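Text of the file input23.csv, holding CSV, C-alpha atoms and all ligand atoms:
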chain,number,residue,atom,x,y,z
J,1,MET,CA,0.6,-84.3,104.6
J,2,ALA,CA,2.5,-84.1,107.9
J,3,ALA,CA,4.5,-80.9,108.5
J,4,ILE,CA,7.1,-83.0,110.2
J,5,GLU,CA,7.6,-86.8,110.0
J,6,LEU,CA,10.2,-88.9,111.8
J,7,ARG,CA,10.8,-92.4,110.5
J,8,ASN,CA,12.7,-94.7,112.7
J,9,VAL,CA,15.0,-91.9,113.9
J,10,LYS,CA,17.9,-92.9,116.0
J,11,LYS,CA,20.6,-90.9,117.6
J,12,SER,CA,23.7,-92.1,119.5
J,13,PHE,CA,26.5,-90.1,121.0
J,14,GLY,CA,29.5,-92.4,120.6
J,15,VAL,CA,28.3,-95.8,122.0
J,16,VAL,CA,25.4,-94.3,124.0
J,17,ASN,CA,22.0,-94.7,122.2
J,18,VAL,CA,19.8,-91.8,123.2
J,19,ILE,CA,17.0,-91.9,120.6
J,20,LYS,CA,16.2,-95.5,119.8
J,21,GLY,CA,13.9,-95.5,116.9
J,22,VAL,CA,11.2,-92.8,116.9
J,23,ASP,CA,8.3,-92.7,114.5
J,24,LEU,CA,6.2,-89.6,114.8
J,25,GLU,CA,4.0,-87.4,112.6
J,26,VAL,CA,3.3,-83.8,113.6
J,27,LYS,CA,0.5,-82.3,111.5
J,28,LYS,CA,0.6,-78.9,109.9
J,29,GLY,CA,-0.6,-76.3,112.4
J,30,GLU,CA,-0.5,-78.7,115.3
J,31,PHE,CA,0.7,-77.9,118.8
J,32,MET,CA,2.6,-80.9,119.9
J,33,VAL,CA,4.0,-81.2,123.4
J,34,PHE,CA,6.9,-83.5,124.4
J,35,VAL,CA,6.9,-84.8,128.0
J,36,GLY,CA,8.9,-87.5,129.7
J,37,PRO,CA,11.3,-88.0,132.6
J,38,SER,CA,14.6,-86.1,132.7
J,39,GLY,CA,17.2,-87.6,130.4
J,40,CYS,CA,14.6,-89.4,128.2
J,41,GLY,CA,15.7,-87.5,125.1
J,42,LYS,CA,13.3,-84.6,124.6
J,43,SER,CA,15.9,-81.9,124.0
J,44,THR,CA,17.9,-84.2,121.8
J,45,LEU,CA,14.8,-84.9,119.7
J,46,LEU,CA,14.1,-81.2,119.3
J,47,ARG,CA,17.7,-80.6,118.3
J,48,LEU,CA,17.5,-83.4,115.7
J,49,ILE,CA,14.3,-81.8,114.3
J,50,SER,CA,16.0,-78.4,114.2
J,51,GLY,CA,19.1,-79.7,112.5
J,52,LEU,CA,21.4,-78.6,115.3
J,53,GLU,CA,22.3,-82.3,115.6
J,54,ASP,CA,22.6,-84.9,112.9
J,55,ILE,CA,20.5,-88.0,113.1
J,56,THR,CA,22.5,-91.3,113.3
J,57,SER,CA,20.0,-93.2,111.2
J,58,GLY,CA,16.4,-93.0,109.9
J,59,GLU,CA,14.6,-90.2,108.0
J,60,MET,CA,13.4,-86.8,108.9
J,61,LEU,CA,10.9,-85.2,106.5
J,62,PHE,CA,9.4,-81.7,106.4
J,63,ASP,CA,6.3,-81.4,104.2
J,64,GLY,CA,7.1,-84.8,102.7
J,65,LYS,CA,10.7,-84.0,101.8
J,66,VAL,CA,13.7,-85.5,103.4
J,67,VAL,CA,15.7,-82.9,105.2
J,68,ASN,CA,18.4,-85.1,106.8
J,69,ALA,CA,21.1,-83.1,105.1
J,70,LEU,CA,19.7,-79.6,105.5
J,71,THR,CA,21.3,-77.1,107.8
J,72,PRO,CA,19.2,-75.5,110.6
J,73,SER,CA,18.8,-72.2,108.6
J,74,LYS,CA,17.5,-74.1,105.5
J,75,ARG,CA,14.7,-75.8,107.5
J,76,GLY,CA,12.6,-72.7,108.2
J,77,ILE,CA,12.3,-73.3,111.9
J,78,ALA,CA,12.8,-71.1,114.9
J,79,MET,CA,13.9,-72.4,118.3
J,80,VAL,CA,13.4,-70.8,121.7
J,81,PHE,CA,15.5,-72.3,124.5
J,82,GLN,CA,15.1,-72.2,128.2
J,83,SER,CA,18.0,-69.9,128.5
J,84,TYR,CA,17.2,-67.2,126.0
J,85,ALA,CA,20.4,-65.3,125.3
J,86,LEU,CA,19.5,-61.8,124.1
J,87,TYR,CA,22.3,-59.6,123.0
J,88,PRO,CA,22.9,-57.3,126.0
J,89,HIS,CA,24.2,-54.3,124.1
J,90,MET,CA,21.3,-54.2,121.6
J,91,THR,CA,17.9,-52.7,122.2
J,92,VAL,CA,14.8,-54.9,122.1
J,93,TYR,CA,14.2,-53.7,118.6
J,94,GLU,CA,17.7,-54.5,117.4
J,95,ASN,CA,17.5,-57.9,119.1
J,96,MET,CA,14.3,-58.7,117.3
J,97,ALA,CA,15.5,-57.4,113.9
J,98,PHE,CA,18.8,-59.1,114.1
J,99,GLY,CA,17.9,-62.4,112.4
J,100,LEU,CA,16.1,-60.6,109.6
J,101,LYS,CA,19.0,-58.3,108.9
J,102,LEU,CA,21.3,-61.3,108.6
J,103,GLU,CA,19.0,-62.9,106.1
J,104,LYS,CA,19.6,-60.0,103.7
J,105,GLY,CA,17.0,-59.0,101.1
J,106,HIS,CA,14.6,-57.4,103.5
J,107,SER,CA,14.1,-53.6,103.3
J,108,LYS,CA,14.4,-51.5,106.4
J,109,GLU,CA,10.7,-50.8,106.2
J,110,ALA,CA,9.8,-54.4,105.9
J,111,ILE,CA,11.9,-55.3,108.9
J,112,ARG,CA,10.3,-52.5,110.9
J,113,GLN,CA,6.9,-53.8,110.1
J,114,ARG,CA,7.6,-57.3,111.1
J,115,VAL,CA,9.3,-56.4,114.3
J,116,GLU,CA,6.3,-54.1,115.3
J,117,LYS,CA,3.8,-56.7,114.4
J,118,ALA,CA,5.5,-59.3,116.6
J,119,ALA,CA,5.9,-56.7,119.3
J,120,ASP,CA,2.2,-56.0,119.3
J,121,MET,CA,1.3,-59.6,119.4
J,122,LEU,CA,3.5,-60.1,122.5
J,123,GLN,CA,2.6,-56.8,124.0
J,124,ILE,CA,6.2,-55.5,124.2
J,125,ARG,CA,5.9,-52.6,121.8
J,126,GLN,CA,6.5,-50.0,124.5
J,127,TYR,CA,9.9,-51.7,125.3
J,128,LEU,CA,11.4,-51.6,121.8
J,129,ASP,CA,14.0,-49.0,122.7
J,130,ARG,CA,15.1,-50.6,126.0
J,131,LEU,CA,18.0,-52.8,126.6
J,132,PRO,CA,17.4,-56.3,127.9
J,133,LYS,CA,18.7,-55.5,131.3
J,134,GLN,CA,15.9,-52.9,131.7
J,135,LEU,CA,13.3,-55.6,131.3
J,136,SER,CA,11.7,-58.2,133.7
J,137,GLY,CA,12.4,-61.9,133.1
J,138,GLY,CA,9.0,-62.4,131.5
J,139,GLN,CA,9.4,-59.4,129.2
J,140,ARG,CA,12.8,-60.8,128.2
J,141,GLN,CA,11.3,-64.1,127.5
J,142,ARG,CA,8.7,-62.5,125.3
J,143,VAL,CA,11.5,-60.7,123.4
J,144,ALA,CA,13.2,-64.0,122.8
J,145,ILE,CA,9.9,-65.4,121.4
J,146,GLY,CA,9.4,-62.2,119.4
J,147,ARG,CA,12.9,-62.6,117.9
J,148,ALA,CA,11.8,-66.1,116.7
J,149,ILE,CA,8.5,-64.8,115.3
J,150,THR,CA,9.9,-62.0,113.2
J,151,ARG,CA,11.6,-64.6,111.0
J,152,ASP,CA,8.2,-65.9,110.0
J,153,PRO,CA,9.0,-69.6,110.6
J,154,LYS,CA,6.7,-72.4,109.6
J,155,VAL,CA,7.8,-74.4,112.7
J,156,PHE,CA,8.5,-73.3,116.2
J,157,LEU,CA,10.5,-75.4,118.6
J,158,PHE,CA,10.4,-74.5,122.3
J,159,ASP,CA,12.5,-76.2,124.9
J,160,GLU,CA,11.1,-75.5,128.3
J,161,PRO,CA,10.8,-71.8,127.5
J,162,LEU,CA,9.0,-70.8,130.7
J,163,SER,CA,10.9,-72.8,133.3
J,164,ASN,CA,12.8,-69.9,134.8
J,165,LEU,CA,9.9,-67.6,135.2
J,166,ASP,CA,7.9,-67.1,138.4
J,167,ALA,CA,4.4,-68.6,138.7
J,168,ALA,CA,2.5,-65.6,137.6
J,169,LEU,CA,4.7,-64.8,134.6
J,170,ARG,CA,4.6,-68.5,133.6
J,171,VAL,CA,0.8,-68.3,133.4
J,172,ALA,CA,0.8,-65.0,131.5
J,173,THR,CA,3.4,-66.1,129.0
J,174,ARG,CA,1.7,-69.5,128.6
J,175,ILE,CA,-1.4,-67.7,127.6
J,176,GLU,CA,0.6,-65.5,125.2
J,177,ILE,CA,2.0,-68.6,123.5
J,178,ALA,CA,-1.5,-70.2,123.2
J,179,LYS,CA,-2.8,-67.0,121.6
J,180,LEU,CA,0.2,-66.8,119.3
J,181,HIS,CA,-0.5,-70.3,118.1
J,182,GLU,CA,-4.2,-69.4,117.4
J,183,GLU,CA,-3.2,-66.2,115.6
J,184,MET,CA,-0.5,-67.6,113.4
J,185,ASN,CA,-2.2,-69.8,110.9
J,186,ASP,CA,-0.7,-73.1,110.0
J,187,VAL,CA,2.3,-72.6,112.3
J,188,THR,CA,3.4,-75.9,113.7
J,189,MET,CA,4.8,-75.9,117.3
J,190,ILE,CA,6.7,-78.5,119.2
J,191,TYR,CA,7.1,-77.7,122.9
J,192,VAL,CA,9.0,-79.5,125.6
J,193,THR,CA,7.9,-79.1,129.2
J,194,HIS,CA,7.9,-80.7,132.6
J,195,ASP,CA,4.9,-78.7,133.6
J,196,GLN,CA,1.6,-80.7,133.6
J,197,VAL,CA,-0.6,-77.7,133.2
J,198,GLU,CA,1.4,-76.4,130.2
J,199,ALA,CA,1.2,-79.8,128.6
J,200,MET,CA,-2.5,-80.3,129.2
J,201,THR,CA,-3.6,-76.7,128.2
J,202,LEU,CA,-1.3,-76.0,125.3
J,203,ALA,CA,-1.2,-79.3,123.5
J,204,ASP,CA,-3.3,-80.5,120.6
J,205,ARG,CA,-1.5,-83.7,121.2
J,206,ILE,CA,1.0,-84.8,123.8
J,207,CYS,CA,3.9,-87.2,123.0
J,208,VAL,CA,5.1,-89.1,126.0
J,209,LEU,CA,8.8,-90.1,125.6
J,210,ARG,CA,10.5,-92.8,127.7
J,211,ASP,CA,14.1,-93.8,127.5
J,212,GLY,CA,14.5,-92.7,123.9
J,213,LEU,CA,11.2,-94.1,122.6
J,214,VAL,CA,7.7,-92.9,122.1
J,215,GLU,CA,5.5,-94.4,124.8
J,216,GLN,CA,2.2,-92.9,123.7
J,217,VAL,CA,0.9,-90.0,121.5
J,218,GLY,CA,-2.6,-88.6,122.0
J,219,THR,CA,-4.8,-85.7,122.9
J,220,PRO,CA,-4.4,-84.6,126.6
J,221,MET,CA,-7.7,-86.1,127.5
J,222,GLU,CA,-6.9,-89.4,125.7
J,223,LEU,CA,-3.8,-89.7,127.7
J,224,TYR,CA,-5.5,-88.7,130.9
J,225,GLU,CA,-8.5,-91.0,130.4
J,226,ARG,CA,-7.1,-93.9,128.4
J,227,PRO,CA,-3.4,-94.3,129.1
J,228,ASP,CA,-1.9,-97.2,127.2
J,229,SER,CA,0.5,-98.1,130.1
J,230,ILE,CA,0.9,-97.7,133.8
J,231,PHE,CA,3.9,-95.5,132.9
J,232,VAL,CA,1.7,-92.9,131.0
J,233,ALA,CA,-1.0,-93.2,133.7
J,234,GLY,CA,1.5,-92.3,136.4
J,235,PHE,CA,3.1,-89.5,134.3
J,236,ILE,CA,0.1,-87.5,133.1
J,237,GLY,CA,-1.8,-85.6,135.7
J,238,SER,CA,-1.0,-83.9,139.0
J,239,PRO,CA,-1.1,-85.0,141.7
J,240,LYS,CA,0.0,-88.3,140.1
J,241,MET,CA,-2.4,-91.3,139.8
J,242,ASN,CA,-2.5,-93.5,142.9
J,243,PHE,CA,-1.5,-97.1,142.4
J,244,VAL,CA,-3.0,-99.7,144.7
J,245,ALA,CA,-1.7,-103.3,144.5
J,246,GLY,CA,-1.9,-106.5,146.4
J,247,GLU,CA,-5.1,-107.8,148.0
J,248,LYS,CA,-7.0,-104.6,147.4
J,249,ALA,CA,-6.3,-104.9,143.6
J,250,SER,CA,-7.1,-108.6,143.5
J,251,ALA,CA,-10.6,-107.6,144.6
J,252,PHE,CA,-10.8,-105.9,141.3
J,253,SER,CA,-9.3,-108.8,139.4
J,254,CYS,CA,-6.1,-107.1,138.4
J,255,SER,CA,-2.5,-106.6,139.6
J,256,THR,CA,-2.7,-102.9,140.1
J,257,VAL,CA,-5.6,-100.5,140.5
J,258,GLY,CA,-4.9,-97.0,139.3
J,259,ILE,CA,-7.1,-94.3,140.7
J,260,ARG,CA,-6.7,-90.5,140.6
J,261,GLY,CA,-7.0,-88.4,143.7
J,262,GLU,CA,-10.0,-86.6,142.3
J,263,HIS,CA,-11.8,-89.9,141.8
J,264,MET,CA,-11.8,-91.0,145.4
J,265,ASP,CA,-14.2,-90.2,148.1
J,266,ILE,CA,-13.7,-90.2,151.9
J,267,LYS,CA,-16.9,-91.6,153.4
J,268,PRO,CA,-17.9,-93.7,156.4
J,269,ASP,CA,-18.7,-96.8,154.3
J,270,GLY,CA,-15.6,-96.5,152.1
J,271,ILE,CA,-14.2,-99.9,151.0
J,272,TRP,CA,-10.6,-99.1,152.0
J,273,GLU,CA,-9.1,-97.9,155.2
J,274,GLY,CA,-6.3,-95.4,155.4
J,275,LYS,CA,-4.4,-93.5,158.1
J,276,VAL,CA,-4.0,-89.8,157.5
J,277,ILE,CA,-0.4,-88.9,157.1
J,278,HIS,CA,-0.8,-85.2,156.2
J,279,THR,CA,-3.2,-82.7,154.7
J,280,GLU,CA,-2.4,-79.9,152.3
J,281,ASN,CA,-5.0,-77.1,152.0
J,282,LEU,CA,-4.4,-75.3,148.7
J,283,GLY,CA,-7.4,-73.0,148.9
J,284,ALA,CA,-9.8,-74.3,146.2
J,285,ASP,CA,-9.1,-77.9,147.1
J,286,SER,CA,-6.9,-80.0,149.4
J,287,TYR,CA,-4.9,-83.1,149.3
J,288,VAL,CA,-5.2,-85.7,152.0
J,289,TYR,CA,-2.2,-88.2,152.1
J,290,LEU,CA,-3.1,-91.6,153.4
J,291,ASP,CA,-1.0,-94.6,154.4
J,292,MET,CA,-2.8,-97.6,152.9
J,293,GLY,CA,0.2,-100.0,153.2
J,294,GLN,CA,1.2,-99.2,149.6
J,295,GLU,CA,4.6,-98.3,148.2
J,296,GLU,CA,3.7,-94.7,148.2
J,297,PRO,CA,1.1,-92.6,150.1
J,298,VAL,CA,-2.4,-92.5,148.5
J,299,VAL,CA,-3.5,-89.0,147.8
J,300,VAL,CA,-7.2,-88.0,147.9
J,301,ARG,CA,-8.2,-84.8,146.4
J,302,HIS,CA,-11.0,-83.1,148.2
J,303,ASP,CA,-13.0,-80.0,147.2
J,304,GLY,CA,-12.5,-77.0,149.6
J,305,THR,CA,-10.6,-77.2,152.8
J,306,THR,CA,-10.5,-80.1,155.3
J,307,ASN,CA,-9.0,-80.7,158.7
J,308,TYR,CA,-8.4,-84.4,159.0
J,309,GLN,CA,-6.1,-85.0,161.9
J,310,SER,CA,-2.8,-86.7,161.1
J,311,GLY,CA,-2.9,-90.2,162.5
J,312,SER,CA,-6.7,-90.5,162.3
J,313,LEU,CA,-8.2,-93.4,160.4
J,314,VAL,CA,-10.6,-92.7,157.5
J,315,ARG,CA,-12.4,-94.8,155.0
J,316,VAL,CA,-12.2,-94.1,151.2
J,317,SER,CA,-13.8,-95.6,148.1
J,318,PRO,CA,-12.6,-95.3,144.5
J,319,GLN,CA,-15.3,-94.2,142.0
J,320,GLU,CA,-15.7,-97.5,140.3
J,321,ASP,CA,-16.2,-96.1,136.8
J,322,ARG,CA,-13.0,-94.2,137.2
J,323,ILE,CA,-10.8,-97.1,138.1
J,324,HIS,CA,-7.9,-98.1,135.8
J,325,ARG,CA,-6.9,-101.8,136.0
J,326,PHE,CA,-3.5,-102.9,135.0
J,327,ASN,CA,-2.0,-106.4,134.5
J,328,GLU,CA,1.4,-107.5,135.5
J,329,ALA,CA,3.1,-106.1,132.4
J,330,GLY,CA,1.7,-102.6,133.3
J,331,LYS,CA,-0.8,-102.7,130.4
J,332,PRO,CA,-4.4,-101.6,130.9
J,333,ILE,CA,-7.2,-104.2,131.3
J,334,ARG,CA,-10.3,-102.8,129.6
J,401,LIG,N1,26.2,-84.3,123.4
J,401,LIG,C1,25.9,-85.4,124.1
J,401,LIG,N2,26.9,-86.4,124.3
J,401,LIG,C2,26.6,-87.4,125.1
J,401,LIG,N3,25.4,-87.7,125.7
J,401,LIG,C3,24.4,-86.8,125.5
J,401,LIG,C4,24.6,-85.6,124.7
J,401,LIG,N4,23.5,-84.8,124.7
J,401,LIG,C5,22.6,-85.5,125.5
J,401,LIG,N5,23.2,-86.7,126.0
J,401,LIG,C6,22.5,-87.7,126.8
J,401,LIG,O1,21.3,-88.0,126.1
J,401,LIG,C7,20.3,-88.3,127.1
J,401,LIG,C8,19.1,-87.4,126.7
J,401,LIG,O2,19.4,-86.1,126.9
J,401,LIG,P1,18.3,-84.9,126.7
J,401,LIG,O3,19.0,-83.6,127.0
J,401,LIG,O4,17.7,-85.1,125.4
J,401,LIG,O5,17.2,-85.3,127.8
J,401,LIG,P2,15.9,-84.5,128.2
J,401,LIG,O6,14.8,-85.4,128.0
J,401,LIG,O7,15.8,-83.2,127.5
J,401,LIG,O8,16.1,-84.2,129.8
J,401,LIG,P3,15.7,-82.9,130.7
J,401,LIG,O9,14.2,-83.1,131.0
J,401,LIG,O10,16.6,-83.2,131.9
J,401,LIG,O11,16.0,-81.7,129.9
J,401,LIG,C9,20.9,-88.0,128.4
J,401,LIG,O12,21.2,-89.2,129.1
J,401,LIG,C10,22.1,-87.2,128.1
J,401,LIG,O13,23.1,-87.4,129.1
J,402,MG,MG,16.0,-81.2,128.0
Before anything else, please render the file you have as structure tokens.
Amino acid sequence: MAAIELRNVKKSFGVVNVIKGVDLEVKKGEFMVFVGPSGCGKSTLLRLISGLEDITSGEMLFDGKVVNALTPSKRGIAMVFQSYALYPHMTVYENMAFGLKLEKGHSKEAIRQRVEKAADMLQIRQYLDRLPKQLSGGQRQRVAIGRAITRDPKVFLFDEPLSNLDAALRVATRIEIAKLHEEMNDVTMIYVTHDQVEAMTLADRICVLRDGLVEQVGTPMELYERPDSIFVAGFIGSPKMNFVAGEKASAFSCSTVGIRGEHMDIKPDGIWEGKVIHTENLGADSYVYLDMGQEEPVVVRHDGTTNYQSGSLVRVSPQEDRIHRFNEAGKPIR
């Protein structure tokens, strides 16, 4: 049985339809990631699942039971937002214990045990006596996650929890969240992010949302290798998939050829010609931006460093077994 099931869920704010009929099953213990362009409805969908917003029509089920009318506190979920408001005058310990104290019925000792267990998991035990202002951003973020964990929820909802951390802290906290999911048996997580790496590495399955509807749901590699639409093809992966249309695509009997930068080779007998616009050397690899007369520059990903001169002409070939062909409706031709 699905931990969470949405049946034709719709949400409008006044006359504005934001969620337009979403059907989705999230399995027990699954890590589901929501991605999609800004404004497509990711946060709204999380808030509907949490109960912070009422759904306009449709059904929301937890463990097979309709929860449409249940308040957030009755749903057994914990939510971690992008802006994690900790209580500034309370210590880390008090912040983490606060929700449990409110619930009543927990002994002081039981609360202490749960806070310490969560603190150990997140490696913040040594900060329990500090105030939030005495912590780094990443440590504060972990306190916010810890505060959610102590309540022992069955479902975690995360809305871009790492987006205001620096790159190194993002990576460290991302790994903490992955470990947390491994360690907490049967805990279901739904996680919204704009970060390709977070989506690809954390998700059991990714749900791509577009304009209030589900565009495709699948494992990261399913979406990467077998996108159901040109939209998903262009949305999953970084740098984004190149699209080549016109005559060059006709040669492959389609309207548009999709080819990722890592699946193109610069070589003297390449089938396409491109003019180097710019090269970015990232260390382990580099991106060569080519003008091929397309709407957008074509990006070739190259191992190691390169020094193609801007303005020079190069020849490239797509690896034929890696080509995605799309018809005029943006659907894959397989
Ligand atoms: N309370 C509200 N009243 C009216 N419109 C709203 C309300 N909340 C959200 N919206 C609208 O619903 C749409 C979806 O918003 P939502 O916050 O869910 O997007 P999102 O996918 O989370 O975007 P982002 O990636 O920018 O966070 C937006 O067009 C937004 O303006
Ligand atoms: Mg949002």
Inset, instruction - Tell me, as a ChimeraX atom specification, which residues lie within 12 Å of stretch 121-134 of chain J, counting all atoms listed in the file; anything in the same chain fewer than 2 positions away does not count. - result: /J:84-97,112-119,136-150,172-184
So which residues touch stretch 66-72 of chain J within 8 Å, counting only C-alpha atoms, skipping near sequence neighbours fewer than 3 positions away, as a PDB file with C-alpha atoms, in the frame of the given file?
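Final output, part_11.pdb:
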ATOM      1  CA  SER J  50      16.000 -78.400 114.200  1.00  0.00           C
ATOM      2  CA  GLY J  51      19.100 -79.700 112.500  1.00  0.00           C
ATOM      3  CA  LEU J  52      21.400 -78.600 115.300  1.00  0.00           C
ATOM      4  CA  ASP J  54      22.600 -84.900 112.900  1.00  0.00           C
ATOM      5  CA  ILE J  55      20.500 -88.000 113.100  1.00  0.00           C
ATOM      6  CA  GLU J  59      14.600 -90.200 108.000  1.00  0.00           C
ATOM      7  CA  MET J  60      13.400 -86.800 108.900  1.00  0.00           C
ATOM      8  CA  LEU J  61      10.900 -85.200 106.500  1.00  0.00           C
ATOM      9  CA  PHE J  62       9.400 -81.700 106.400  1.00  0.00           C
ATOM     10  CA  ARG J  75      14.700 -75.800 107.500  1.00  0.00           C
ATOM     11  CA  GLY J  76      12.600 -72.700 108.200  1.00  0.00           C
ATOM     12  CA  ILE J  77      12.300 -73.300 111.900  1.00  0.00           C
TER      13      ILE J  77
END
Legend entry - Nearest to J:Gly234, chosen from J:Gly99, J:Gly105, J:Gly330, J:Gly212, with only C-alpha atoms counted in the distances: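 Of the candidates, the smallest distance to J:Gly234 is held by J:Gly330.
What separates atom CA of J:Val33 from atom CA of J:Arg7 is a distance of 18.4 Å.
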Inset, instruction - Using all atoms listed in the file, find each protein or nucleic acid residue lying at most 10 Å from ligand LIG 401 (chain J); present the set as a VMD selection string. - result: chain J and resid 11 to 19 34 to 48 53 82 159 to 160 192 to 194 209 to 212
Legend entry - Pick from J:Gly304, J:Gly29, J:Pro161, J:Gly64, whichever lies nearest to ligand MG 402 (chain J) using all atoms listed in the file: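 Selected residue with least distance to ligand MG 402 (chain J): J:Pro161.
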Inset, instruction - Determine the nearest neighbour of ligand MG 402 (chain J) from the options J:Gly218, J:Phe81, J:Glu225, J:Asp285, counting all atoms listed in the file. - result: J:Phe81
Hey, could you make a per-residue contact list for stretch 159-234 of chain J against stretch 246-262 of chain J with 12 Å as the cut-off, showing the nearest pair of atoms and its distance in Å to one decimal, counting all atoms listed in the file, sorted by chain and number, as JSON lines?
{"residue": "J:Tyr224", "atom": "CA", "partner": "J:Arg260", "partner_atom": "CA", "distance": 9.9}
{"residue": "J:Glu225", "atom": "CA", "partner": "J:Arg260", "partner_atom": "CA", "distance": 10.4}
{"residue": "J:Arg226", "atom": "CA", "partner": "J:Gly258", "partner_atom": "CA", "distance": 11.5}
{"residue": "J:Pro227", "atom": "CA", "partner": "J:Gly258", "partner_atom": "CA", "distance": 10.7}
{"residue": "J:Ser229", "atom": "CA", "partner": "J:Gly258", "partner_atom": "CA", "distance": 10.7}
{"residue": "J:Ile230", "atom": "CA", "partner": "J:Gly258", "partner_atom": "CA", "distance": 8.0}
{"residue": "J:Phe231", "atom": "CA", "partner": "J:Gly258", "partner_atom": "CA", "distance": 11.0}
{"residue": "J:Val232", "atom": "CA", "partner": "J:Gly258", "partner_atom": "CA", "distance": 11.4}
{"residue": "J:Ala233", "atom": "CA", "partner": "J:Gly258", "partner_atom": "CA", "distance": 7.8}
{"residue": "J:Gly234", "atom": "CA", "partner": "J:Gly258", "partner_atom": "CA", "distance": 8.5}
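Taking all atoms listed in the file into account, J:Val217 lies nearest to J:Asp204 out of the set J:Asp204, J:Asp195, J:Asp186, J:Glu295.
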Legend entry - Shortest interatomic distance to J:Lys101 - which of J:Arg322, J:Arg151, J:Met79, J:Glu198, counting all atoms listed in the file: J:Arg151
Inset, instruction - Record the distance separating atom CA of J:Asp269 and atom CA of J:Gly283, expressed in Å with one decimal. - result: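 Computing it gives 26.9 Å between the two atoms.
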Legend entry - stretch 306-310 of chain J surroundings by only C-alpha atoms, 12 Å radius, close-in-sequence under 2 positions cut, as a ChimeraX atom specification: /J:266,274-291,300-304,312-315
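Note that atom CA of J:Lys28 and atom CA of J:Asp63 are 8.4 Å apart.
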Legend entry - Pick from J:Val299, J:Ile4, J:Ala203, J:Val26 nearest to J:Lys240, counting all atoms listed in the file: J:Val299
For stretch 14-26 of chain J, take all atoms listed in the file, fit an axis-aligned box around them, add 8 Å to each of the six sides, then output centre and edge lengths in Å rounded to one decimal, as lines of an AutoDock Vina configuration file.
center_x = 16.4
center_y = -89.8
center_z = 118.3
size_x = 42.2
size_y = 28.0
size_z = 27.4
